[in-house]
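Engineer: Got a file for you: model33.cif, mmCIF, C-alpha atoms.
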data_query
loop_
_atom_site.group_PDB
_atom_site.id
_atom_site.type_symbol
_atom_site.label_atom_id
_atom_site.label_comp_id
_atom_site.auth_asym_id
_atom_site.auth_seq_id
_atom_site.Cartn_x
_atom_site.Cartn_y
_atom_site.Cartn_z
ATOM 1 C CA MET A 1 -30.231 -43.716 -60.383
ATOM 2 C CA ILE A 2 -28.810 -42.927 -63.804
ATOM 3 C CA PRO A 3 -25.890 -40.473 -64.075
ATOM 4 C CA VAL A 4 -26.718 -36.765 -64.321
ATOM 5 C CA PHE A 5 -24.331 -34.067 -65.568
ATOM 6 C CA ASP A 6 -24.837 -30.304 -65.395
ATOM 7 C CA ASP A 7 -22.577 -29.014 -68.157
ATOM 8 C CA TRP A 8 -22.004 -30.114 -71.739
ATOM 9 C CA GLN A 9 -18.248 -29.892 -71.236
ATOM 10 C CA SER A 10 -18.282 -32.463 -68.411
ATOM 11 C CA VAL A 11 -20.031 -35.428 -70.064
ATOM 12 C CA PRO A 12 -17.775 -38.532 -69.891
ATOM 13 C CA ALA A 13 -16.840 -40.223 -73.171
ATOM 14 C CA GLU A 14 -18.903 -43.321 -72.349
ATOM 15 C CA TRP A 15 -22.099 -41.255 -72.666
ATOM 16 C CA THR A 16 -21.232 -39.630 -75.972
ATOM 17 C CA GLY A 17 -21.822 -40.806 -79.518
ATOM 18 C CA GLY A 18 -25.442 -41.741 -79.026
ATOM 19 C CA ALA A 19 -29.008 -40.611 -79.579
ATOM 20 C CA VAL A 20 -30.068 -37.436 -77.752
ATOM 21 C CA ALA A 21 -33.613 -36.530 -76.735
ATOM 22 C CA LEU A 22 -34.032 -32.750 -76.538
ATOM 23 C CA GLY A 23 -36.512 -30.850 -74.378
ATOM 24 C CA ASN A 24 -37.470 -29.491 -70.974
ATOM 25 C CA PHE A 25 -39.514 -32.637 -70.244
ATOM 26 C CA ASP A 26 -41.482 -30.966 -67.448
ATOM 27 C CA GLY A 27 -43.857 -33.661 -66.268
ATOM 28 C CA VAL A 28 -42.526 -36.306 -68.680
ATOM 29 C CA HIS A 29 -46.093 -36.566 -70.028
ATOM 30 C CA ARG A 30 -47.433 -38.821 -72.779
ATOM 31 C CA GLY A 31 -46.145 -36.516 -75.518
ATOM 32 C CA HIS A 32 -42.669 -36.629 -74.010
ATOM 33 C CA GLN A 33 -42.968 -40.395 -73.668
ATOM 34 C CA ALA A 34 -43.689 -40.735 -77.391
ATOM 35 C CA LEU A 35 -40.571 -38.674 -78.124
ATOM 36 C CA LEU A 36 -38.476 -40.809 -75.790
ATOM 37 C CA ALA A 37 -39.732 -43.993 -77.460
ATOM 38 C CA VAL A 38 -38.544 -42.702 -80.845
ATOM 39 C CA ALA A 39 -35.201 -41.672 -79.351
ATOM 40 C CA ALA A 40 -34.818 -45.090 -77.720
ATOM 41 C CA GLU A 41 -35.368 -46.771 -81.082
ATOM 42 C CA GLN A 42 -32.684 -44.572 -82.656
ATOM 43 C CA ALA A 43 -30.285 -45.512 -79.860
ATOM 44 C CA ARG A 44 -31.062 -49.187 -80.461
ATOM 45 C CA VAL A 45 -30.375 -48.860 -84.190
ATOM 46 C CA LEU A 46 -27.092 -47.089 -83.461
ATOM 47 C CA ASP A 47 -26.242 -49.541 -80.669
ATOM 48 C CA ALA A 48 -25.403 -46.443 -78.631
ATOM 49 C CA PRO A 49 -26.554 -44.744 -75.427
ATOM 50 C CA LEU A 50 -29.731 -42.721 -75.082
ATOM 51 C CA VAL A 51 -29.093 -39.382 -73.377
ATOM 52 C CA ALA A 52 -31.675 -36.725 -72.520
ATOM 53 C CA LEU A 53 -30.610 -33.086 -72.793
ATOM 54 C CA THR A 54 -32.729 -30.870 -70.579
ATOM 55 C CA PHE A 55 -32.173 -27.584 -68.763
ATOM 56 C CA GLU A 56 -31.945 -26.514 -65.096
ATOM 57 C CA PRO A 57 -33.332 -24.220 -63.992
ATOM 58 C CA HIS A 58 -36.209 -24.336 -66.450
ATOM 59 C CA PRO A 59 -35.573 -21.490 -68.943
ATOM 60 C CA ARG A 60 -38.953 -19.960 -68.069
ATOM 61 C CA GLY A 61 -37.814 -19.630 -64.455
ATOM 62 C CA PHE A 62 -34.520 -18.121 -65.626
ATOM 63 C CA PHE A 63 -36.028 -15.495 -67.921
ATOM 64 C CA VAL A 64 -39.077 -14.708 -65.749
ATOM 65 C CA PRO A 65 -37.810 -15.218 -62.181
ATOM 66 C CA ASP A 66 -40.963 -13.797 -60.568
ATOM 67 C CA THR A 67 -43.276 -16.116 -62.500
ATOM 68 C CA GLY A 68 -44.153 -18.087 -59.354
ATOM 69 C CA PRO A 69 -43.934 -21.859 -58.845
ATOM 70 C CA PHE A 70 -44.929 -23.719 -62.019
ATOM 71 C CA ARG A 71 -42.868 -26.899 -62.182
ATOM 72 C CA LEU A 72 -44.626 -30.234 -62.662
ATOM 73 C CA THR A 73 -41.461 -32.176 -61.873
ATOM 74 C CA LEU A 74 -38.422 -31.082 -59.914
ATOM 75 C CA PRO A 75 -35.068 -32.584 -60.967
ATOM 76 C CA PRO A 76 -35.157 -35.852 -58.945
ATOM 77 C CA ALA A 77 -38.623 -36.755 -60.217
ATOM 78 C CA LYS A 78 -37.789 -35.772 -63.783
ATOM 79 C CA VAL A 79 -34.663 -37.950 -63.825
ATOM 80 C CA ARG A 80 -36.559 -40.860 -62.313
ATOM 81 C CA LEU A 81 -39.279 -40.625 -64.975
ATOM 82 C CA LEU A 82 -36.777 -40.236 -67.815
ATOM 83 C CA GLU A 83 -35.032 -43.385 -66.621
ATOM 84 C CA GLN A 84 -38.356 -45.252 -66.601
ATOM 85 C CA HIS A 85 -38.710 -44.398 -70.284
ATOM 86 C CA GLY A 86 -35.340 -45.674 -71.408
ATOM 87 C CA VAL A 87 -32.980 -42.757 -70.844
ATOM 88 C CA GLN A 88 -29.553 -43.934 -69.675
ATOM 89 C CA ALA A 89 -27.936 -40.600 -68.749
ATOM 90 C CA VAL A 90 -29.120 -37.007 -68.395
ATOM 91 C CA LEU A 91 -27.388 -33.768 -69.251
ATOM 92 C CA ALA A 92 -29.364 -31.313 -67.108
ATOM 93 C CA GLN A 93 -27.536 -28.377 -68.629
ATOM 94 C CA ARG A 94 -27.020 -25.512 -66.187
ATOM 95 C CA PHE A 95 -29.076 -22.676 -67.673
ATOM 96 C CA ASP A 96 -27.194 -19.547 -66.667
ATOM 97 C CA PRO A 97 -26.367 -16.243 -68.429
ATOM 98 C CA VAL A 98 -23.433 -17.837 -70.265
ATOM 99 C CA PHE A 99 -25.488 -20.707 -71.637
ATOM 100 C CA ALA A 100 -28.442 -18.435 -72.408
ATOM 101 C CA ALA A 101 -26.158 -16.377 -74.679
ATOM 102 C CA ILE A 102 -24.961 -19.319 -76.785
ATOM 103 C CA THR A 103 -25.891 -19.008 -80.467
ATOM 104 C CA ALA A 104 -28.017 -21.545 -82.304
ATOM 105 C CA HIS A 105 -24.975 -22.441 -84.404
ATOM 106 C CA ALA A 106 -22.834 -22.998 -81.307
ATOM 107 C CA PHE A 107 -25.565 -25.064 -79.657
ATOM 108 C CA VAL A 108 -25.287 -27.579 -82.471
ATOM 109 C CA ASP A 109 -21.510 -27.471 -82.887
ATOM 110 C CA SER A 110 -20.423 -27.167 -79.269
ATOM 111 C CA VAL A 111 -23.162 -28.762 -77.177
ATOM 112 C CA LEU A 112 -24.586 -31.463 -79.443
ATOM 113 C CA LEU A 113 -21.513 -32.422 -81.460
ATOM 114 C CA GLN A 114 -18.483 -31.513 -79.346
ATOM 115 C CA GLY A 115 -20.007 -32.113 -75.911
ATOM 116 C CA LEU A 116 -22.323 -35.048 -76.575
ATOM 117 C CA GLY A 117 -20.927 -36.396 -79.834
ATOM 118 C CA ALA A 118 -24.555 -36.797 -80.890
ATOM 119 C CA ARG A 119 -25.242 -39.001 -83.886
ATOM 120 C CA HIS A 120 -28.994 -38.530 -83.887
ATOM 121 C CA VAL A 121 -31.232 -36.037 -82.068
ATOM 122 C CA VAL A 122 -34.973 -36.227 -81.458
ATOM 123 C CA CYS A 123 -37.124 -33.229 -80.513
ATOM 124 C CA GLY A 124 -40.674 -31.956 -80.646
ATOM 125 C CA TYR A 125 -42.132 -29.749 -83.364
ATOM 126 C CA ASP A 126 -41.886 -26.649 -81.128
ATOM 127 C CA PHE A 127 -38.314 -27.069 -79.880
ATOM 128 C CA THR A 128 -36.287 -23.841 -79.865
ATOM 129 C CA PHE A 129 -32.643 -23.253 -78.975
ATOM 130 C CA GLY A 130 -29.918 -20.621 -78.989
ATOM 131 C CA ALA A 131 -29.838 -17.026 -77.788
ATOM 132 C CA ARG A 132 -33.222 -15.313 -78.004
ATOM 133 C CA ARG A 133 -34.683 -18.631 -79.229
ATOM 134 C CA SER A 134 -33.096 -17.967 -82.612
ATOM 135 C CA GLY A 135 -33.077 -21.655 -83.549
ATOM 136 C CA ASN A 136 -36.136 -23.719 -84.416
ATOM 137 C CA VAL A 137 -36.630 -27.174 -85.900
ATOM 138 C CA GLU A 138 -36.131 -25.935 -89.461
ATOM 139 C CA ARG A 139 -32.823 -24.361 -88.483
ATOM 140 C CA LEU A 140 -31.865 -27.525 -86.608
ATOM 141 C CA ARG A 141 -32.504 -29.604 -89.722
ATOM 142 C CA GLU A 142 -30.386 -27.244 -91.836
ATOM 143 C CA LEU A 143 -27.440 -27.228 -89.451
ATOM 144 C CA ALA A 144 -27.656 -30.974 -88.883
ATOM 145 C CA ALA A 145 -27.760 -31.781 -92.604
ATOM 146 C CA GLU A 146 -24.498 -29.891 -93.089
ATOM 147 C CA ARG A 147 -22.891 -31.962 -90.352
ATOM 148 C CA ALA A 148 -24.260 -35.447 -91.068
ATOM 149 C CA LEU A 149 -26.240 -35.356 -87.821
ATOM 150 C CA GLY A 150 -29.503 -37.285 -87.898
ATOM 151 C CA VAL A 151 -32.646 -35.441 -86.811
ATOM 152 C CA THR A 152 -36.158 -36.638 -86.057
ATOM 153 C CA VAL A 153 -38.836 -34.048 -85.296
ATOM 154 C CA LEU A 154 -42.047 -35.335 -83.750
ATOM 155 C CA ASP A 155 -45.364 -33.878 -84.825
ATOM 156 C CA PRO A 156 -47.758 -32.912 -82.010
ATOM 157 C CA VAL A 157 -48.946 -35.936 -80.049
ATOM 158 C CA THR A 158 -52.690 -35.606 -79.482
ATOM 159 C CA HIS A 159 -55.558 -37.255 -77.631
ATOM 160 C CA GLU A 160 -59.103 -36.563 -78.805
ATOM 161 C CA GLY A 161 -57.787 -33.639 -80.825
ATOM 162 C CA GLU A 162 -55.910 -32.050 -77.918
ATOM 163 C CA ILE A 163 -52.123 -31.788 -77.811
ATOM 164 C CA TYR A 164 -50.435 -33.334 -74.803
ATOM 165 C CA SER A 165 -48.688 -30.413 -73.143
ATOM 166 C CA SER A 166 -47.292 -29.352 -69.788
ATOM 167 C CA THR A 167 -49.448 -26.213 -70.019
ATOM 168 C CA ARG A 168 -52.650 -28.237 -70.253
ATOM 169 C CA ILE A 169 -51.601 -30.369 -67.275
ATOM 170 C CA ARG A 170 -50.937 -27.254 -65.205
ATOM 171 C CA GLU A 171 -54.396 -25.967 -66.090
ATOM 172 C CA ALA A 172 -55.983 -29.255 -64.998
ATOM 173 C CA LEU A 173 -54.183 -29.211 -61.651
ATOM 174 C CA ARG A 174 -55.043 -25.581 -60.987
ATOM 175 C CA ALA A 175 -58.667 -26.478 -61.635
ATOM 176 C CA GLY A 176 -58.514 -29.337 -59.117
ATOM 177 C CA TRP A 177 -58.630 -32.147 -61.671
ATOM 178 C CA PRO A 178 -55.767 -34.514 -60.771
ATOM 179 C CA SER A 179 -57.494 -37.398 -62.568
ATOM 180 C CA GLU A 180 -57.356 -35.426 -65.828
ATOM 181 C CA ALA A 181 -53.704 -34.629 -65.150
ATOM 182 C CA PHE A 182 -53.156 -38.364 -64.687
ATOM 183 C CA GLU A 183 -54.644 -39.067 -68.134
ATOM 184 C CA LEU A 184 -52.349 -36.504 -69.761
ATOM 185 C CA LEU A 185 -49.256 -37.544 -67.815
ATOM 186 C CA GLY A 186 -49.722 -41.298 -67.936
ATOM 187 C CA HIS A 187 -48.855 -41.406 -64.225
ATOM 188 C CA PRO A 188 -50.163 -39.710 -61.054
ATOM 189 C CA TRP A 189 -48.931 -36.208 -60.419
ATOM 190 C CA GLU A 190 -46.736 -36.032 -57.332
ATOM 191 C CA ILE A 191 -45.437 -33.477 -54.907
ATOM 192 C CA GLU A 192 -42.054 -34.575 -53.594
ATOM 193 C CA GLY A 193 -40.545 -32.766 -50.645
ATOM 194 C CA VAL A 194 -38.885 -32.976 -47.263
ATOM 195 C CA VAL A 195 -41.136 -33.432 -44.214
ATOM 196 C CA GLU A 196 -40.672 -30.311 -42.132
ATOM 197 C CA GLN A 197 -41.467 -29.478 -38.524
ATOM 198 C CA GLY A 198 -44.971 -28.015 -38.386
ATOM 199 C CA ASP A 199 -46.964 -26.587 -35.483
ATOM 200 C CA GLN A 200 -48.160 -30.133 -34.631
ATOM 201 C CA ARG A 201 -51.740 -28.886 -34.346
ATOM 202 C CA GLY A 202 -52.980 -32.011 -36.122
ATOM 203 C CA ARG A 203 -51.761 -34.183 -33.276
ATOM 204 C CA THR A 204 -53.852 -32.233 -30.763
ATOM 205 C CA ILE A 205 -57.076 -32.947 -32.667
ATOM 206 C CA GLY A 206 -56.325 -36.590 -33.439
ATOM 207 C CA PHE A 207 -55.124 -36.238 -37.035
ATOM 208 C CA PRO A 208 -51.310 -36.089 -37.121
ATOM 209 C CA THR A 209 -49.952 -34.830 -40.419
ATOM 210 C CA ALA A 210 -46.652 -34.668 -42.251
ATOM 211 C CA ASN A 211 -45.896 -31.126 -43.411
ATOM 212 C CA VAL A 212 -44.327 -31.605 -46.870
ATOM 213 C CA ALA A 213 -42.266 -28.787 -48.394
ATOM 214 C CA LEU A 214 -43.795 -27.548 -51.657
ATOM 215 C CA GLY A 215 -40.625 -26.028 -53.096
ATOM 216 C CA GLU A 216 -40.932 -24.984 -56.724
ATOM 217 C CA HIS A 217 -43.844 -27.305 -57.479
ATOM 218 C CA LEU A 218 -46.857 -25.859 -59.206
ATOM 219 C CA ARG A 219 -49.608 -25.036 -56.702
ATOM 220 C CA PRO A 220 -52.717 -27.013 -57.624
ATOM 221 C CA ARG A 221 -56.158 -25.884 -56.464
ATOM 222 C CA PHE A 222 -56.242 -25.351 -52.720
ATOM 223 C CA GLY A 223 -58.319 -27.940 -50.923
ATOM 224 C CA VAL A 224 -58.435 -31.536 -49.751
ATOM 225 C CA TYR A 225 -57.196 -34.495 -51.792
ATOM 226 C CA ALA A 226 -57.193 -38.260 -51.613
ATOM 227 C CA VAL A 227 -53.504 -39.199 -51.877
ATOM 228 C CA ARG A 228 -51.004 -42.015 -51.797
ATOM 229 C CA ALA A 229 -47.562 -41.492 -50.287
ATOM 230 C CA LEU A 230 -44.444 -43.594 -50.692
ATOM 231 C CA VAL A 231 -43.104 -44.535 -47.255
ATOM 232 C CA GLY A 232 -40.310 -47.066 -46.866
ATOM 233 C CA GLY A 233 -40.886 -48.485 -50.327
ATOM 234 C CA THR A 234 -44.655 -48.920 -49.797
ATOM 235 C CA TRP A 235 -47.452 -46.717 -51.161
ATOM 236 C CA ARG A 236 -49.779 -45.818 -48.301
ATOM 237 C CA ASN A 237 -53.253 -44.286 -48.529
ATOM 238 C CA GLY A 238 -54.016 -40.930 -46.996
ATOM 239 C CA VAL A 239 -55.727 -37.583 -47.197
ATOM 240 C CA ALA A 240 -54.003 -34.226 -47.655
ATOM 241 C CA ASN A 241 -54.840 -30.579 -47.271
ATOM 242 C CA LEU A 242 -53.207 -27.959 -49.461
ATOM 243 C CA GLY A 243 -53.828 -24.362 -48.561
ATOM 244 C CA LYS A 244 -53.492 -21.591 -46.011
ATOM 245 C CA ARG A 245 -55.581 -23.096 -43.174
ATOM 246 C CA PRO A 246 -57.903 -20.107 -42.640
ATOM 247 C CA THR A 247 -59.646 -21.730 -39.659
ATOM 248 C CA VAL A 248 -56.480 -21.628 -37.543
ATOM 249 C CA GLY A 249 -55.328 -18.262 -38.857
ATOM 250 C CA LYS A 250 -52.158 -19.556 -40.534
ATOM 251 C CA LEU A 251 -52.169 -17.752 -43.857
ATOM 252 C CA GLN A 252 -49.096 -19.371 -45.352
ATOM 253 C CA GLU A 253 -49.122 -22.241 -47.821
ATOM 254 C CA ASN A 254 -48.963 -25.704 -46.319
ATOM 255 C CA PHE A 255 -49.231 -29.213 -47.707
ATOM 256 C CA GLU A 256 -50.251 -31.471 -44.839
ATOM 257 C CA VAL A 257 -50.546 -35.221 -45.374
ATOM 258 C CA HIS A 258 -52.334 -37.589 -42.992
ATOM 259 C CA LEU A 259 -51.538 -41.264 -43.620
ATOM 260 C CA PHE A 260 -54.175 -43.748 -42.563
ATOM 261 C CA ASP A 261 -53.266 -46.252 -39.864
ATOM 262 C CA PHE A 262 -49.654 -45.077 -39.745
ATOM 263 C CA THR A 263 -47.431 -44.356 -36.781
ATOM 264 C CA GLY A 264 -43.865 -43.323 -37.286
ATOM 265 C CA ASP A 265 -41.489 -40.388 -37.454
ATOM 266 C CA LEU A 266 -41.183 -38.907 -40.941
ATOM 267 C CA TYR A 267 -39.333 -35.689 -40.051
ATOM 268 C CA GLY A 268 -36.468 -35.000 -42.406
ATOM 269 C CA GLN A 269 -37.487 -37.714 -44.851
ATOM 270 C CA THR A 270 -38.290 -36.963 -48.482
ATOM 271 C CA LEU A 271 -41.873 -37.946 -49.178
ATOM 272 C CA ARG A 272 -43.441 -38.587 -52.574
ATOM 273 C CA VAL A 273 -47.153 -37.796 -52.460
ATOM 274 C CA ALA A 274 -49.379 -38.657 -55.435
ATOM 275 C CA LEU A 275 -52.590 -36.650 -55.794
ATOM 276 C CA ILE A 276 -55.352 -39.103 -56.764
ATOM 277 C CA ASP A 277 -58.564 -37.072 -56.575
ATOM 278 C CA PHE A 278 -59.939 -33.761 -55.346
ATOM 279 C CA ILE A 279 -62.415 -33.958 -52.455
ATOM 280 C CA ARG A 280 -63.383 -30.371 -51.669
ATOM 281 C CA PRO A 281 -62.079 -26.789 -51.826
ATOM 282 C CA GLU A 282 -60.455 -25.055 -48.871
ATOM 283 C CA MET A 283 -63.004 -23.804 -46.341
ATOM 284 C CA LYS A 284 -63.083 -21.791 -43.145
ATOM 285 C CA PHE A 285 -64.917 -23.371 -40.222
ATOM 286 C CA ALA A 286 -66.577 -21.837 -37.178
ATOM 287 C CA GLY A 287 -64.262 -23.629 -34.780
ATOM 288 C CA LEU A 288 -62.161 -26.708 -34.092
ATOM 289 C CA ASP A 289 -65.172 -28.991 -33.494
ATOM 290 C CA ALA A 290 -66.545 -28.248 -36.944
ATOM 291 C CA LEU A 291 -63.054 -28.643 -38.397
ATOM 292 C CA LYS A 292 -62.580 -32.028 -36.701
ATOM 293 C CA ALA A 293 -65.936 -33.268 -37.995
ATOM 294 C CA GLN A 294 -65.051 -32.220 -41.537
ATOM 295 C CA ILE A 295 -61.608 -33.805 -41.328
ATOM 296 C CA ALA A 296 -63.226 -37.095 -40.324
ATOM 297 C CA ALA A 297 -65.622 -36.838 -43.268
ATOM 298 C CA ASP A 298 -62.747 -35.994 -45.612
ATOM 299 C CA GLY A 299 -60.825 -39.025 -44.385
ATOM 300 C CA GLN A 300 -63.751 -41.327 -45.096
ATOM 301 C CA ALA A 301 -64.232 -39.784 -48.538
ATOM 302 C CA ALA A 302 -60.548 -40.352 -49.289
ATOM 303 C CA ARG A 303 -60.755 -43.987 -48.133
ATOM 304 C CA ASP A 304 -63.741 -44.562 -50.431
ATOM 305 C CA ILE A 305 -62.007 -42.941 -53.423
ATOM 306 C CA LEU A 306 -58.781 -44.869 -52.889
ATOM 307 C CA ALA A 307 -60.602 -48.169 -52.427
ATOM 308 C CA ALA A 308 -62.299 -47.584 -55.774
ATOM 309 C CA THR A 309 -58.983 -46.811 -57.508
ATOM 310 C CA ALA A 310 -56.850 -49.524 -55.933
#
Take the structure in the file and write it out as structure tokens.
Structural biologist:
Amino acid sequence: MIPVFDDWQSVPAEWTGGAVALGNFDGVHRGHQALLAVAAEQARVLDAPLVALTFEPHPRGFFVPDTGPFRLTLPPAKVRLLEQHGVQAVLAQRFDPVFAAITAHAFVDSVLLQGLGARHVVCGYDFTFGARRSGNVERLRELAAERALGVTVLDPVTHEGEIYSSTRIREALRAGWPSEAFELLGHPWEIEGVVEQGDQRGRTIGFPTANVALGEHLRPRFGVYAVRALVGGTWRNGVANLGKRPTVGKLQENFEVHLFDFTGDLYGQTLRVALIDFIRPEMKFAGLDALKAQIAADGQAARDILAATA
């Protein structure tokens, strides 16, 4: 795993003096990937490190704390994806009241130049910075020109006339379209969480499940999904239910994953679960027999989907 720092004043000298990719990078989707490719080329030209500057918590969560879960990628997944696209170190700047109050001018002088020693920065057309979002790309260009700091601003990256955006991916997932999210992301969308102790009801009806903590992940459409989960370095096929389990009267959110042909103890492990396709919406059944029959049908549907997408 690449090094991650949480404050601009704590970045070691070896990771300064390079190219810096700027953004929240939620999802690290195809638009972000295009930005990272440009930043990687700048780092190559400079023969210097490529560092991503992002923010934790996400500023939206900081300014609107009751917004509800919306994240596409939590920090471990984001760092992993950034590394896959050439980033060598991450400054996941702690976004707190002190940092939120920093001026646009100070963001350039203190964070980019003093903290990171940036020689070139790359951002998207809609990047904003500084207190009350007072800085935009035009302001960044002005401040950078006065300081001999290189700047590249990417125009919107589009597919069939639509801009790649985290917002569009969230909409697709909320609609139950993980395959569309995959097209926009360039990789399957995953929920990554610790396997928690559940009520073990699945065991009693022949379908043991791993209860994966949802955390701050966006909640996609409730229902049943064909999934793949990473267990011990191997991606295994399975079926998952996301919802409130109305048939058994448990009206709290659960993400339960059943792995095909698997026996083993997953409690306490962190599981990565990729949503491959949506099978059906959440339903309430007349009783456990009807539920068991539907679970069996869901499992077969998931096997068929996953065999076709192997």
Engineer: Have a look at A:Asn241, A:Asn136, A:Gln197, A:Gln93 and name the one nearest to Asp265 in chain A; count all atoms listed in the file.
Structural biologist: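 Ranking A:Asn241, A:Asn136, A:Gln197, A:Gln93 by distance to Asp265 in chain A, first place goes to A:Gln197.
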Engineer: From the options A:Pro208, A:Gly193, A:Pro156, A:Pro65, which residue's atoms come nearest to Leu35 in chain A, counting all atoms listed in the file?
Structural biologist: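 For Leu35 in chain A, the nearest of the given residues is A:Pro156.
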Engineer: For a test of reading the model, state the distance in Å between CA of Gly238 in chain A and CA of Gly186 in chain A, rounded to one decimal.
Structural biologist: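 Separation between CA of Gly238 in chain A and CA of Gly186 in chain A: 21.4 Å.
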Engineer: May I have the residues within 12 Å of Val79 in chain A as number ranges by chain, using only C-alpha atoms and disregarding those fewer than 6 positions away in the same chain?
Structural biologist: A: 1-5, 24-28, 51-56, 73, 85-92
Engineer: With 8 Å on each side, where is the centre of the axis-aligned box around all listed atoms of range 269-280 of chain A, and how long are its edges in Å to one decimal, as lines of an AutoDock Vina configuration file?
Structural biologist:
center_x = -50.4
center_y = -34.7
center_z = -50.8
size_x = 41.9
size_y = 24.7
size_z = 27.9
Engineer: Residues near Phe278 in chain A, anyone? I mean within 9 Å using only C-alpha atoms, not counting same-chain ones fewer than 2 positions away, as a list in words.
Structural biologist: Gly176, Trp177, Pro178, Ser179, Arg221, Gly223, Val224, Tyr225, Ala226, Leu275, Ile276, Arg280, Pro281 and Ala302 of chain A
Engineer: Written as a list in words, what is the full residue list that the PyMOL selection byres ((chain A and resi 113-129) around 6) yields on the file shown?
Structural biologist: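 Selection result, ordered by chain and number: Trp8, Gln9, Thr16, Gly17, Gly18, Ala19, Val20, Ala21, Leu22, Ala39, Ala104, Asp109, Ser110, Val111, Leu112, Gly130, Arg133, Gly135, Asn136, Leu149, Gly150, Val151, Thr152, Val153, Leu154 and Asp155 of chain A.
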Engineer: Ranking A:Ile191, A:Val108, A:Val239, A:Ala274 by minimum distance to Glu142 in chain A and counting all atoms listed in the file, which one comes first?
Structural biologist: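 Ranking A:Ile191, A:Val108, A:Val239, A:Ala274 by distance to Glu142 in chain A, first place goes to A:Val108.
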Engineer: For each of A:Ser10, A:Arg44, A:Val273, A:Ala77, take the minimum atom-to-atom distance to Arg94 in chain A, counting all atoms listed in the file, then give the residue where this is smallest.
Structural biologist: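 Under the stated criterion, the closest residue is A:Ser10.
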Engineer: Between CA of Gln300 in chain A and CA of Tyr267 in chain A, measure the distance and give it in Å to one decimal.
Structural biologist: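 These atoms are spaced 25.6 Å apart.
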Engineer: Considering all atoms listed in the file, can you say which of A:Ala229, A:Ile279, A:Val11, A:Ala175 comes closest to His258 in chain A?
Structural biologist: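 The answer is A:Ala229, which sits nearest to His258 in chain A.
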